[in-house]
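Okay, structure_24.cif is below, mmCIF, C-alpha atoms:
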data_my_file
loop_
_atom_site.label_atom_id
_atom_site.label_comp_id
_atom_site.auth_asym_id
_atom_site.auth_seq_id
_atom_site.Cartn_x
_atom_site.Cartn_y
_atom_site.Cartn_z
CA MET A 1 0.00 0.00 0.00
CA LEU A 2 1.20 3.51 -0.73
CA LEU A 3 2.59 4.97 2.44
CA VAL A 4 0.98 8.40 2.38
CA ALA A 5 -2.27 7.69 0.58
CA GLY A 6 -4.30 9.60 3.14
CA PHE A 7 -2.55 12.89 2.56
CA TYR A 8 -2.90 13.62 -1.11
CA THR A 9 -4.62 16.57 -2.69
CA SER A 10 -7.22 15.50 -5.24
CA CYS A 11 -7.86 17.43 -8.40
CA LYS A 12 -10.45 17.30 -11.13
CA LYS A 13 -9.99 15.86 -14.56
CA ALA A 14 -7.96 18.07 -16.84
CA PRO A 15 -9.80 20.79 -18.76
CA SER A 16 -10.82 19.65 -22.22
CA SER A 17 -11.16 21.73 -25.34
CA ASP A 18 -13.74 19.28 -26.70
CA GLU A 19 -16.27 19.81 -23.87
CA THR A 20 -17.42 16.25 -24.50
CA PRO A 21 -20.55 15.44 -22.46
CA THR A 22 -20.07 13.09 -19.53
CA PRO A 23 -20.83 9.53 -20.66
CA THR A 24 -23.78 7.64 -19.25
CA GLY A 25 -24.36 3.93 -18.73
CA PRO A 26 -21.81 1.37 -17.56
CA VAL A 27 -18.21 2.55 -17.29
CA THR A 28 -16.07 0.86 -19.92
CA THR A 29 -12.35 0.16 -20.04
CA ARG A 30 -12.09 2.57 -22.94
CA GLU A 31 -13.69 5.34 -20.88
CA ILE A 32 -11.32 4.72 -17.96
CA ASN A 33 -8.27 4.77 -20.20
CA THR A 34 -9.45 7.90 -22.00
CA TRP A 35 -9.79 9.62 -18.62
CA ILE A 36 -6.29 8.49 -17.70
CA VAL A 37 -4.57 9.75 -20.84
CA ASP A 38 -6.57 13.01 -20.99
CA SER A 39 -5.51 13.79 -17.41
CA LEU A 40 -1.92 12.92 -18.16
CA ARG A 41 -1.87 15.16 -21.23
CA TYR A 42 -2.63 18.12 -18.98
CA TYR A 43 -0.67 17.39 -15.79
CA TYR A 44 2.06 14.84 -16.53
CA TYR A 45 5.66 16.08 -16.50
CA TRP A 46 6.36 14.17 -19.73
CA ALA A 47 3.01 15.09 -21.34
CA ASP A 48 4.58 16.08 -24.65
CA ALA A 49 6.01 12.57 -25.04
CA LEU A 50 2.74 10.67 -24.52
CA PRO A 51 1.75 8.42 -27.44
CA LEU A 52 -0.72 10.00 -29.86
CA SER A 53 -2.85 6.89 -30.32
CA PRO A 54 -2.51 4.59 -27.29
CA ASP A 55 -4.29 1.24 -27.12
CA LEU A 56 -7.45 2.06 -25.14
CA SER A 57 -8.49 -1.61 -25.02
CA LEU A 58 -5.85 -2.59 -22.46
CA SER A 59 -6.67 -3.10 -18.78
CA PRO A 60 -6.20 0.18 -16.83
CA LYS A 61 -2.98 -0.97 -15.13
CA SER A 62 -1.50 -2.23 -18.39
CA PHE A 63 -2.62 0.91 -20.21
CA PHE A 64 -1.03 3.16 -17.58
CA SER A 65 2.24 1.24 -17.87
CA SER A 66 2.12 1.45 -21.66
CA VAL A 67 1.88 5.25 -21.75
CA LYS A 68 4.32 6.05 -18.94
CA ASN A 69 7.54 7.70 -20.02
CA GLY A 70 10.68 5.57 -20.05
CA SER A 71 12.28 7.98 -17.55
CA ASP A 72 9.36 7.69 -15.14
CA ARG A 73 10.20 5.37 -12.24
CA PHE A 74 7.54 6.38 -9.76
CA SER A 75 4.11 7.29 -11.18
CA THR A 76 1.39 4.91 -10.10
CA LEU A 77 -2.25 4.03 -10.71
CA TYR A 78 -4.39 2.37 -8.07
CA LEU A 79 -7.96 1.49 -7.20
CA PRO A 80 -8.81 2.65 -3.66
CA GLY A 81 -9.83 -0.30 -1.52
CA ASP A 82 -8.31 -2.88 -3.86
CA ALA A 83 -5.08 -4.07 -2.25
CA SER A 84 -4.06 -5.91 -5.41
CA THR A 85 -3.46 -2.56 -7.15
CA TYR A 86 -0.97 -1.39 -4.49
CA THR A 87 2.58 -2.55 -3.92
CA ALA A 88 2.60 -5.00 -1.03
CA SER A 89 4.90 -4.32 1.91
CA SER A 90 5.69 -6.14 5.11
CA ARG A 91 5.37 -2.86 6.95
CA SER A 92 1.77 -2.17 5.90
CA THR A 93 0.79 -5.84 6.26
CA TYR A 94 2.48 -6.92 9.48
CA GLY A 95 4.24 -3.79 10.76
CA PHE A 96 7.91 -4.67 10.32
CA ASP A 97 10.74 -4.55 7.80
CA TYR A 98 13.68 -6.88 7.44
CA SER A 99 16.72 -7.58 5.30
CA THR A 100 17.91 -11.03 4.36
CA ILE A 101 21.66 -11.14 4.91
CA ILE A 102 24.49 -13.62 5.09
CA GLU A 103 25.26 -13.35 8.80
CA PRO A 104 29.07 -13.01 9.06
CA SER A 105 29.87 -15.28 12.00
CA SER A 106 27.70 -18.21 10.88
CA GLN A 107 27.76 -17.53 7.13
CA LYS A 108 24.06 -18.46 7.05
CA ALA A 109 21.23 -16.65 5.29
CA VAL A 110 18.88 -15.11 7.85
CA GLY A 111 16.34 -12.35 8.06
CA LEU A 112 17.46 -9.37 10.14
CA VAL A 113 14.57 -7.34 11.58
CA LYS A 114 15.37 -3.66 11.12
CA LEU A 115 12.15 -1.88 12.06
CA VAL A 116 9.07 -2.82 14.08
CA ILE A 117 6.16 -0.37 14.14
CA ASP A 118 4.68 0.30 17.57
CA GLN A 119 1.38 -1.51 18.28
CA SER A 120 1.58 -3.42 14.99
CA PRO A 121 0.84 -7.16 14.61
CA ALA A 122 4.60 -7.76 14.61
CA ALA A 123 5.11 -5.74 17.80
CA ARG A 124 2.25 -7.51 19.54
CA SER A 125 3.84 -10.83 18.61
CA GLY A 126 7.09 -9.82 20.25
CA LEU A 127 9.30 -8.94 17.26
CA LYS A 128 12.09 -6.46 18.00
CA ARG A 129 14.67 -4.63 15.96
CA GLY A 130 17.78 -6.81 15.70
CA ASP A 131 15.91 -10.16 15.84
CA TYR A 132 17.03 -12.89 13.46
CA ILE A 133 14.54 -14.87 11.34
CA THR A 134 15.63 -18.34 10.28
CA ARG A 135 12.39 -19.74 8.82
CA ILE A 136 9.32 -18.40 7.01
CA ASN A 137 6.31 -20.71 6.91
CA GLY A 138 8.53 -23.49 8.24
CA THR A 139 11.05 -23.25 5.39
CA THR A 140 14.65 -22.45 6.28
CA ILE A 141 15.88 -19.26 4.60
CA THR A 142 18.70 -19.84 2.13
CA GLU A 143 20.48 -17.76 -0.48
CA THR A 144 18.42 -19.40 -3.23
CA ASN A 145 14.94 -19.09 -1.71
CA ALA A 146 15.25 -15.74 0.14
CA ALA A 147 13.39 -13.75 -2.54
CA GLU A 148 10.64 -16.38 -2.84
CA LEU A 149 10.07 -16.48 0.91
CA GLN A 150 10.00 -12.70 1.07
CA GLN A 151 7.31 -12.71 -1.61
CA GLN A 152 5.27 -15.14 0.49
CA LEU A 153 5.56 -12.78 3.42
CA LEU A 154 4.50 -9.80 1.32
CA THR A 155 1.47 -11.43 -0.25
CA GLN A 156 -0.05 -13.76 2.36
CA SER A 157 -2.56 -12.68 4.98
CA ASN A 158 -0.91 -14.80 7.66
CA ILE A 159 2.54 -16.27 7.99
CA LYS A 160 4.60 -18.30 10.44
CA ILE A 161 8.10 -17.08 11.24
CA THR A 162 10.81 -18.62 13.39
CA LEU A 163 13.17 -16.37 15.36
CA ALA A 164 16.56 -17.52 16.58
CA ASP A 165 19.22 -16.42 19.05
CA LEU A 166 22.83 -16.16 17.89
CA GLN A 167 25.75 -17.14 20.09
CA ASN A 168 29.28 -18.02 19.02
CA GLY A 169 28.27 -18.33 15.39
CA GLN A 170 25.41 -20.76 16.12
CA PHE A 171 21.67 -20.10 15.90
CA THR A 172 19.25 -21.56 18.45
CA GLU A 173 15.70 -21.41 17.16
CA ARG A 174 12.74 -20.35 19.27
CA ALA A 175 9.16 -21.55 18.93
CA PRO A 176 7.47 -20.37 15.69
CA ILE A 177 5.30 -17.23 15.78
CA ASP A 178 2.06 -16.85 13.85
CA LEU A 179 1.62 -13.39 12.34
CA LEU A 180 -1.75 -12.16 11.09
CA THR A 181 -2.32 -9.03 9.03
CA GLY A 182 -3.76 -6.13 10.95
CA ILE A 183 -3.95 -2.37 11.23
CA THR A 184 -0.56 -0.69 11.42
CA LEU A 185 -0.57 2.83 12.85
CA ASN A 186 1.92 5.57 12.11
CA GLN A 187 5.20 5.25 13.96
CA PRO A 188 5.52 7.93 16.68
CA ILE A 189 8.34 10.46 16.44
CA THR A 190 11.14 9.53 18.85
CA SER A 191 12.83 12.38 20.73
CA LYS A 192 15.67 12.41 23.24
CA VAL A 193 18.62 14.41 24.51
CA MET A 194 22.10 12.88 24.53
CA VAL A 195 25.04 14.35 26.40
CA ALA A 196 28.53 14.05 24.95
CA GLY A 197 31.00 15.71 27.30
CA SER A 198 29.82 19.29 27.60
CA VAL A 199 27.66 19.09 24.47
CA LYS A 200 23.89 18.57 24.58
CA VAL A 201 22.72 16.82 21.43
CA GLY A 202 19.05 16.67 20.47
CA TYR A 203 17.82 13.62 18.56
CA LEU A 204 14.67 13.04 16.50
CA TYR A 205 13.78 9.81 14.72
CA ILE A 206 11.11 10.48 12.08
CA ASN A 207 9.74 7.44 10.24
CA ASP A 208 7.43 9.21 7.78
CA PHE A 209 6.52 12.76 6.84
CA ILE A 210 2.81 12.95 7.60
CA ALA A 211 0.94 16.26 7.64
CA GLY A 212 -1.00 15.20 10.73
CA GLN A 213 2.20 14.86 12.76
CA ARG A 214 3.28 18.48 12.37
CA GLU A 215 1.94 19.48 15.80
CA ASP A 216 3.77 16.60 17.47
CA MET A 217 6.97 17.45 15.62
CA GLN A 218 6.72 21.09 16.68
CA GLY A 219 6.13 20.13 20.31
CA LYS A 220 9.11 17.79 20.39
CA MET A 221 11.40 20.36 18.78
CA LEU A 222 10.29 22.99 21.29
CA ALA A 223 11.09 20.58 24.15
CA LEU A 224 14.56 19.95 22.69
CA LYS A 225 15.16 23.68 22.39
CA ASN A 226 14.06 24.27 25.97
CA SER A 227 16.43 21.54 27.18
CA GLY A 228 19.36 23.63 25.93
CA ILE A 229 20.63 21.56 22.99
CA THR A 230 23.39 23.03 20.84
CA GLU A 231 23.56 20.20 18.28
CA LEU A 232 20.78 18.28 16.49
CA ILE A 233 20.57 14.84 14.87
CA ILE A 234 17.62 14.05 12.59
CA ASP A 235 17.37 10.31 11.89
CA LEU A 236 15.72 9.63 8.53
CA ARG A 237 17.26 6.20 7.90
CA TYR A 238 13.95 4.47 7.08
CA ASN A 239 11.92 7.55 6.13
CA LEU A 240 10.18 6.87 2.82
CA GLY A 241 9.04 10.49 2.64
CA GLY A 242 5.48 11.64 2.21
CA ASP A 243 4.01 15.11 2.49
CA VAL A 244 6.08 18.17 1.61
CA SER A 245 4.24 20.21 4.26
CA ALA A 246 5.63 18.01 7.05
CA ALA A 247 9.16 18.13 5.60
CA ALA A 248 8.92 21.92 5.30
CA ALA A 249 7.68 22.18 8.90
CA LEU A 250 10.77 20.35 10.13
CA CYS A 251 13.08 22.51 8.02
CA ALA A 252 11.39 25.67 9.31
CA MET A 253 12.52 24.68 12.81
CA ILE A 254 16.13 24.03 11.74
CA ALA A 255 17.14 26.67 9.19
CA PRO A 256 18.39 29.82 10.96
CA ASN A 257 17.45 33.39 10.05
CA ILE A 258 14.56 32.58 7.75
CA GLN A 259 11.37 34.60 7.30
CA SER A 260 7.89 33.49 6.33
CA ASN A 261 8.55 34.45 2.71
CA THR A 262 11.98 32.80 2.48
CA ALA A 263 12.04 30.40 -0.48
CA PHE A 264 11.93 26.70 0.43
CA ILE A 265 11.22 24.63 -2.69
CA LYS A 266 11.07 25.09 -6.44
CA TYR A 267 8.70 23.07 -8.63
CA THR A 268 9.14 22.81 -12.40
CA GLY A 269 6.31 21.23 -14.38
CA ASN A 270 5.23 20.94 -17.99
CA ARG A 271 3.94 23.91 -20.02
CA ASN A 272 0.66 23.84 -18.08
CA GLY A 273 2.30 23.48 -14.66
CA GLY A 274 5.08 25.98 -15.27
CA THR A 275 7.45 26.90 -12.47
CA ARG A 276 6.50 27.89 -8.94
CA ILE A 277 8.45 28.60 -5.79
CA GLU A 278 6.95 28.01 -2.35
CA SER A 279 8.17 29.75 0.77
CA PHE A 280 8.78 28.02 4.09
CA ALA A 281 5.48 29.38 5.44
CA GLU A 282 3.45 28.40 2.37
CA ALA A 283 4.82 24.87 2.32
CA ALA A 284 4.81 24.22 6.09
CA THR A 285 1.31 25.51 6.79
CA TYR A 286 -0.47 24.11 3.74
CA ASN A 287 -3.81 22.58 4.72
CA GLY A 288 -3.48 23.24 8.45
CA GLY A 289 -0.89 22.63 11.13
CA PRO A 290 0.81 25.13 13.44
CA ALA A 291 1.43 28.70 12.36
CA PHE A 292 4.83 29.57 10.91
CA THR A 293 5.60 31.68 14.01
CA ASN A 294 5.10 28.57 16.17
CA TYR A 295 7.64 26.67 14.12
CA ARG A 296 10.15 29.49 14.47
CA ALA A 297 9.53 29.65 18.21
CA ALA A 298 10.60 26.00 18.44
CA ALA A 299 13.82 26.49 16.48
CA PRO A 300 16.99 25.97 18.55
CA ALA A 301 20.06 28.08 17.79
CA LEU A 302 22.05 25.85 15.44
CA SER A 303 25.01 26.38 13.14
CA ARG A 304 24.76 22.91 11.62
CA VAL A 305 22.55 19.85 11.59
CA TYR A 306 23.34 16.13 11.38
CA LEU A 307 21.08 14.12 9.07
CA ILE A 308 21.10 10.32 9.00
CA GLY A 309 19.95 8.50 5.87
CA THR A 310 20.29 5.17 4.07
CA GLY A 311 19.31 3.50 0.84
CA ALA A 312 15.73 3.45 2.22
CA THR A 313 15.60 7.26 2.61
CA ALA A 314 13.42 8.72 -0.10
CA SER A 315 11.22 11.51 -1.49
CA ALA A 316 10.26 14.13 1.15
CA ALA A 317 13.09 12.91 3.40
CA GLU A 318 15.49 13.74 0.58
CA VAL A 319 13.83 17.15 0.32
CA VAL A 320 14.90 17.81 3.92
CA ILE A 321 18.51 16.90 3.14
CA ASN A 322 18.68 18.92 -0.08
CA ASN A 323 16.54 21.91 0.83
CA LEU A 324 18.26 22.75 4.11
CA LYS A 325 21.61 23.14 2.36
CA PRO A 326 21.13 26.75 1.20
CA TYR A 327 20.55 27.83 4.82
CA ILE A 328 22.62 25.71 7.21
CA SER A 329 25.62 23.39 7.20
CA VAL A 330 24.30 19.86 6.65
CA ILE A 331 26.42 16.87 7.72
CA PHE A 332 24.85 13.83 6.07
CA ILE A 333 25.84 10.46 7.57
CA GLY A 334 24.89 7.03 6.24
CA GLU A 335 24.45 5.77 2.71
CA LYS A 336 23.34 7.08 -0.67
CA THR A 337 19.60 7.76 -0.77
CA ILE A 338 17.04 6.52 -3.33
CA GLY A 339 17.03 9.64 -5.53
CA LYS A 340 13.50 11.03 -5.88
CA ASP A 341 13.74 14.60 -7.12
CA GLU A 342 10.17 14.55 -8.44
CA ALA A 343 6.75 15.32 -6.97
CA ALA A 344 3.17 14.22 -7.59
CA PHE A 345 -0.37 14.93 -6.54
CA THR A 346 -3.41 12.71 -6.80
CA ILE A 347 -5.64 12.93 -9.84
CA ALA A 348 -9.14 11.66 -9.06
CA ASP A 349 -12.51 11.96 -10.74
CA LEU A 350 -14.41 14.55 -8.69
CA ARG A 351 -17.33 14.88 -11.09
CA THR A 352 -20.87 14.35 -9.86
CA PRO A 353 -21.84 11.65 -10.43
CA LYS A 354 -18.42 10.08 -10.17
CA ARG A 355 -17.59 7.85 -13.13
CA ILE A 356 -14.01 6.69 -12.61
CA GLU A 357 -13.04 4.93 -9.38
CA TRP A 358 -9.35 4.68 -10.27
CA GLU A 359 -6.91 7.29 -8.97
CA MET A 360 -3.35 8.05 -10.01
CA LEU A 361 -0.24 9.73 -8.71
CA PRO A 362 1.64 10.83 -11.81
CA ILE A 363 4.92 12.72 -11.65
CA VAL A 364 3.99 16.36 -12.20
CA TYR A 365 7.09 18.28 -11.12
CA LYS A 366 10.83 18.10 -10.87
CA ILE A 367 11.91 19.68 -7.60
CA ALA A 368 14.90 21.70 -6.42
CA ASN A 369 15.95 23.72 -3.41
CA ALA A 370 15.94 27.52 -3.11
CA ALA A 371 19.33 27.72 -4.80
CA GLY A 372 17.97 25.79 -7.77
CA THR A 373 19.91 22.64 -6.89
CA GLY A 374 18.14 19.39 -7.73
CA ASN A 375 18.82 16.64 -10.26
CA TYR A 376 19.63 14.00 -7.67
CA SER A 377 17.83 11.12 -9.35
CA SER A 378 20.90 8.95 -8.69
CA GLY A 379 20.61 9.64 -4.95
CA LEU A 380 22.14 12.05 -2.45
CA LEU A 381 25.64 11.11 -1.33
CA PRO A 382 26.61 11.20 2.36
CA ASP A 383 29.51 13.19 3.77
CA TYR A 384 30.42 10.10 5.78
CA THR A 385 29.58 6.67 4.37
CA ILE A 386 28.61 4.40 7.25
CA ASN A 387 26.58 1.20 7.04
CA GLU A 388 24.22 0.79 9.98
CA MET A 389 24.91 -2.94 9.87
CA ALA A 390 28.60 -2.29 10.53
CA ALA A 391 27.93 -3.45 14.09
CA LEU A 392 25.70 -6.44 14.73
CA PRO A 393 23.43 -7.06 16.52
CA LEU A 394 21.55 -3.89 15.59
CA LYS A 395 21.13 -1.37 18.37
CA PRO A 396 17.69 0.03 19.26
CA ILE A 397 16.58 3.12 17.38
CA GLY A 398 18.04 6.11 19.20
CA ASP A 399 20.84 4.20 20.92
CA ALA A 400 23.97 6.34 21.20
CA THR A 401 26.16 3.37 20.25
CA ASP A 402 24.40 2.82 16.90
CA PRO A 403 27.13 3.38 14.26
CA LEU A 404 25.27 6.21 12.52
CA ILE A 405 24.30 8.04 15.70
CA ALA A 406 27.72 7.46 17.24
CA ALA A 407 29.38 9.07 14.21
CA ALA A 408 27.16 12.15 14.52
CA ILE A 409 27.86 12.46 18.26
CA ARG A 410 31.57 12.05 17.65
CA SER A 411 31.55 14.86 15.08
CA ALA A 412 29.41 17.09 17.32
CA SER A 413 31.98 16.55 20.08
CA GLY A 414 34.78 17.75 17.81
CA LEU A 415 36.26 14.32 17.16
CA ALA A 416 37.18 12.83 13.79
CA VAL A 417 34.71 10.58 11.99
CA VAL A 418 35.93 7.65 9.90
CA SER A 419 33.71 6.20 7.19
CA ILE A 420 33.05 2.51 7.77
CA ASN A 421 31.40 -0.05 5.56
CA ASP A 422 30.47 -3.71 5.41
CA LYS A 423 34.08 -4.86 5.77
CA SER A 424 33.94 -3.88 9.42
CA LEU A 425 31.56 -6.75 10.06
CA SER A 426 34.17 -9.49 10.10
CA SER A 427 37.83 -10.19 9.60
CA SER A 428 37.01 -11.17 6.04
CA THR A 429 37.45 -8.66 3.25
CA LYS A 430 34.17 -9.83 1.73
CA PRO A 431 31.43 -7.17 2.18
CA LEU A 432 28.21 -8.07 3.95
CA GLN A 433 25.88 -9.71 1.46
CA VAL A 434 22.31 -8.38 1.49
CA LEU A 435 19.98 -10.70 -0.43
CA THR A 436 16.63 -8.93 -0.01
CA ASP A 437 15.27 -5.84 1.75
CA THR A 438 11.56 -5.21 2.25
CA ARG A 439 12.11 -1.53 3.06
CA LEU A 440 13.85 -0.88 -0.25
CA ILE A 441 10.90 -2.34 -2.14
CA GLN A 442 8.57 0.14 -0.50
CA ALA A 443 11.07 2.99 -0.85
CA GLN A 444 11.01 2.50 -4.61
CA GLN A 445 7.26 3.17 -4.59
CA SER A 446 7.14 6.29 -2.39
CA ILE A 447 6.55 9.70 -3.96
CA VAL A 448 7.00 13.31 -2.87
CA ILE A 449 3.44 14.48 -2.23
CA THR A 450 2.57 18.09 -3.03
CA HIS A 451 -0.50 19.99 -4.23
CA ARG A 452 -1.60 22.07 -7.18
#
Is it possible to express this structure as structure tokens?
Amino acid sequence: MLLVAGFYTSCKKAPSSDETPTPTGPVTTREINTWIVDSLRYYYYWADALPLSPDLSLSPKSFFSSVKNGSDRFSTLYLPGDASTYTASSRSTYGFDYSTIIEPSSQKAVGLVKLVIDQSPAARSGLKRGDYITRINGTTITETNAAELQQQLLTQSNIKITLADLQNGQFTERAPIDLLTGITLNQPITSKVMVAGSVKVGYLYINDFIAGQREDMQGKMLALKNSGITELIIDLRYNLGGDVSAAAALCAMIAPNIQSNTAFIKYTGNRNGGTRIESFAEAATYNGGPAFTNYRAAAPALSRVYLIGTGATASAAEVVINNLKPYISVIFIGEKTIGKDEAAFTIADLRTPKRIEWEMLPIVYKIANAAGTGNYSSGLLPDYTINEMAALPLKPIGDATDPLIAAAIRSASGLAVVSINDKSLSSSTKPLQVLTDTRLIQAQQSIVITHR
């Protein structure tokens, strides 16, 4: 399921010069596909490259794929309420993400639990970050079946997993756990203060950028400011992105010396969309949330900010990394991000009566920061390359000894930071082998969500 589906701005079908009357009678595949391509011709970033005579007889999903531009990695079409039209994820289904790795000390293929959402089916069943999975549905994970077993986990409504404890290179399995699909809520923002010598370091872990969490984010930043922090770490390692308004709200509490009309983001669309620049206040307060003055009141006095990201950091999380750079020194620690320098908004049929149930999120804009810097489709590169799995078992989120957090604290304390990679995991020179990663699958599907 798309991560931020509840926070899109809907818009009507594109204006038509034909003024064709609304059809009556049963909705046909041809009518659906005509609505799709007409909307794309008006809004789509690559509208000028759409085929002149597409095959309107195809199924809607196949038709959408057939007209998408070859450079378009992220546009999507879905039918609300029909799970088969969304990309399945272990996070939305069971509330956890994992990577299948070759564990260095045992040299066995195992699942490594990286994230467990609070109050999710996985959390209620006792899964924790750092747990090892040795079996899925009773089948032992191997290099050859890891992808197949992951697909079972992503597509089945209930699964059986076996956790194991690792000691001296040997796994001891526990009793199997039955996991059922269930409602997974948004992950709360984690906030804490860490002390490194005489330095007070604020820390925020943000799992998603959701417009409805802006008040919580502002409250936590204000508490960090009032605690007297002089350094700040923002942990976006698993943040798939989401709503630009939430990303802008965070940036409005970090960037120093900005005003309500200070430029935050630049959108460049097709000839209909043109170019527009949104200020911090316009972006952060779109469709509700705290006032811009409240965000500024929560801003600590900072000369730099530490941002943590990985290969699962995408879309609006990348906006934070890129769009803070014109205003404050950004020290980015982790791994290269996904590379989503594009934005979308939902196109839905808002006619009365409604004819088309399908909705789509087509790429509408390329995005850049206030200095005009964008074009990071290959990903944003860190200042310090550090793999979070450079120290196993994984530490809890927010633990000061986590390799990524420890590097930020070390730098904030005035000490040197050394980039570390998979080779640190063992005496072998062979890098850690990652076979599958459920978070990366979902990261590939996330989109920067904006509005018209």
Test item: residues at most 9 Å from range 314-331 of chain A, all atoms listed in the file, excluding those fewer than 2 positions along its chain, as JSON, numbers by chain = {"A": [208, 209, 236, 238, 239, 240, 241, 242, 243, 244, 246, 247, 248, 250, 251, 254, 255, 256, 257, 258, 264, 265, 302, 303, 304, 305, 306, 307, 308, 309, 310, 311, 312, 333, 337, 338, 339, 340, 341, 342, 343, 367, 368, 369, 370, 371, 373, 374, 379, 380, 382, 383, 384, 408, 443, 444, 446, 447, 448, 449]}
For range 124-137 of chain A, please output as a PyMOL selection string all residues within 7 Å (counting only C-alpha atoms; exclusion window: fewer than 2 positions along the same chain).
-> chain A and resi 110-116+119-122+139-141+149+159-165+393-396
The PyMOL selection byres ((chain A and resi 279) around 6) on the file shown: which residues, as a PDB file with C-alpha atoms, in the frame of the given file?
ATOM      1  CA  ASN A 261       8.550  34.450   2.710  1.00  0.00           C
ATOM      2  CA  THR A 262      11.980  32.800   2.480  1.00  0.00           C
ATOM      3  CA  ALA A 263      12.040  30.400  -0.480  1.00  0.00           C
ATOM      4  CA  PHE A 264      11.930  26.700   0.430  1.00  0.00           C
ATOM      5  CA  GLU A 278       6.950  28.010  -2.350  1.00  0.00           C
ATOM      6  CA  PHE A 280       8.780  28.020   4.090  1.00  0.00           C
ATOM      7  CA  ALA A 281       5.480  29.380   5.440  1.00  0.00           C
ATOM      8  CA  GLU A 282       3.450  28.400   2.370  1.00  0.00           C
TER       9      GLU A 282
END
Residues matched by the PyMOL selection byres ((chain A and resi 360) around 7), written as a list in words = Thr76, Leu77, Tyr78, Thr346, Ile347, Ala348, Trp358, Glu359, Leu361 and Pro362 of chain A
Using all atoms listed in the file, which residue out of A:Val418, A:Ser245, A:Gly372, A:Thr181 lies closest to Ile277 in chain A?
->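 Ranking A:Val418, A:Ser245, A:Gly372, A:Thr181 by distance to Ile277 in chain A, first place goes to A:Gly372.
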In terms of the shortest atom-to-atom distance over all atoms listed in the file, which of A:Asn226, A:Thr190, A:Thr34, A:Thr100 is closest to Leu435 in chain A?
->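 Result for the nearest residue to Leu435 in chain A: A:Thr100.
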Would you work out the distance separating CA of Val364 in chain A from CA of Gly70 in chain A, expressed in Å to one decimal?
->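 These two atoms are separated by 14.9 Å.
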Would you mind telling me which residue in A:Leu179, A:Leu432, A:Leu350, A:Ala211 lies nearest to Tyr286 in chain A when using all atoms listed in the file?
-> A:Ala211
Dump range 153-165 of chain A with N, CA and C atoms to a file, as an mmCIF file, in the first residue's frame.
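Everything below was put into selection-v1.cif:
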data_model
loop_
_atom_site.group_PDB
_atom_site.id
_atom_site.type_symbol
_atom_site.label_atom_id
_atom_site.label_comp_id
_atom_site.auth_asym_id
_atom_site.auth_seq_id
_atom_site.Cartn_x
_atom_site.Cartn_y
_atom_site.Cartn_z
ATOM 1 N N LEU A 153 5.839 -13.663 2.295
ATOM 2 C CA LEU A 153 5.560 -12.783 3.422
ATOM 3 C C LEU A 153 4.797 -11.542 2.976
ATOM 4 N N LEU A 154 5.126 -11.028 1.801
ATOM 5 C CA LEU A 154 4.496 -9.802 1.323
ATOM 6 C C LEU A 154 3.070 -10.017 0.831
ATOM 7 N N THR A 155 2.751 -11.218 0.427
ATOM 8 C CA THR A 155 1.473 -11.433 -0.250
ATOM 9 C C THR A 155 0.464 -12.265 0.543
ATOM 10 N N GLN A 156 0.876 -12.915 1.600
ATOM 11 C CA GLN A 156 -0.046 -13.765 2.355
ATOM 12 C C GLN A 156 -0.646 -13.006 3.532
ATOM 13 N N SER A 157 -1.866 -13.366 3.888
ATOM 14 C CA SER A 157 -2.564 -12.675 4.982
ATOM 15 C C SER A 157 -2.164 -13.202 6.354
ATOM 16 N N ASN A 158 -1.477 -14.308 6.396
ATOM 17 C CA ASN A 158 -0.913 -14.798 7.658
ATOM 18 C C ASN A 158 0.313 -15.640 7.337
ATOM 19 N N ILE A 159 1.297 -15.540 8.199
ATOM 20 C CA ILE A 159 2.542 -16.273 7.992
ATOM 21 C C ILE A 159 3.033 -16.818 9.333
ATOM 22 N N LYS A 160 3.947 -17.754 9.256
ATOM 23 C CA LYS A 160 4.597 -18.300 10.439
ATOM 24 C C LYS A 160 6.092 -18.011 10.291
ATOM 25 N N ILE A 161 6.674 -17.348 11.278
ATOM 26 C CA ILE A 161 8.103 -17.078 11.239
ATOM 27 C C ILE A 161 8.775 -17.687 12.468
ATOM 28 N N THR A 162 10.029 -18.061 12.302
ATOM 29 C CA THR A 162 10.814 -18.619 13.393
ATOM 30 C C THR A 162 11.979 -17.691 13.686
ATOM 31 N N LEU A 163 12.055 -17.202 14.921
ATOM 32 C CA LEU A 163 13.166 -16.373 15.361
ATOM 33 C C LEU A 163 14.238 -17.255 15.982
ATOM 34 N N ALA A 164 15.457 -16.739 16.013
ATOM 35 C CA ALA A 164 16.561 -17.520 16.580
ATOM 36 C C ALA A 164 17.533 -16.593 17.296
ATOM 37 N N ASP A 165 18.188 -17.131 18.306
ATOM 38 C CA ASP A 165 19.224 -16.417 19.045
ATOM 39 C C ASP A 165 20.591 -16.855 18.530
#
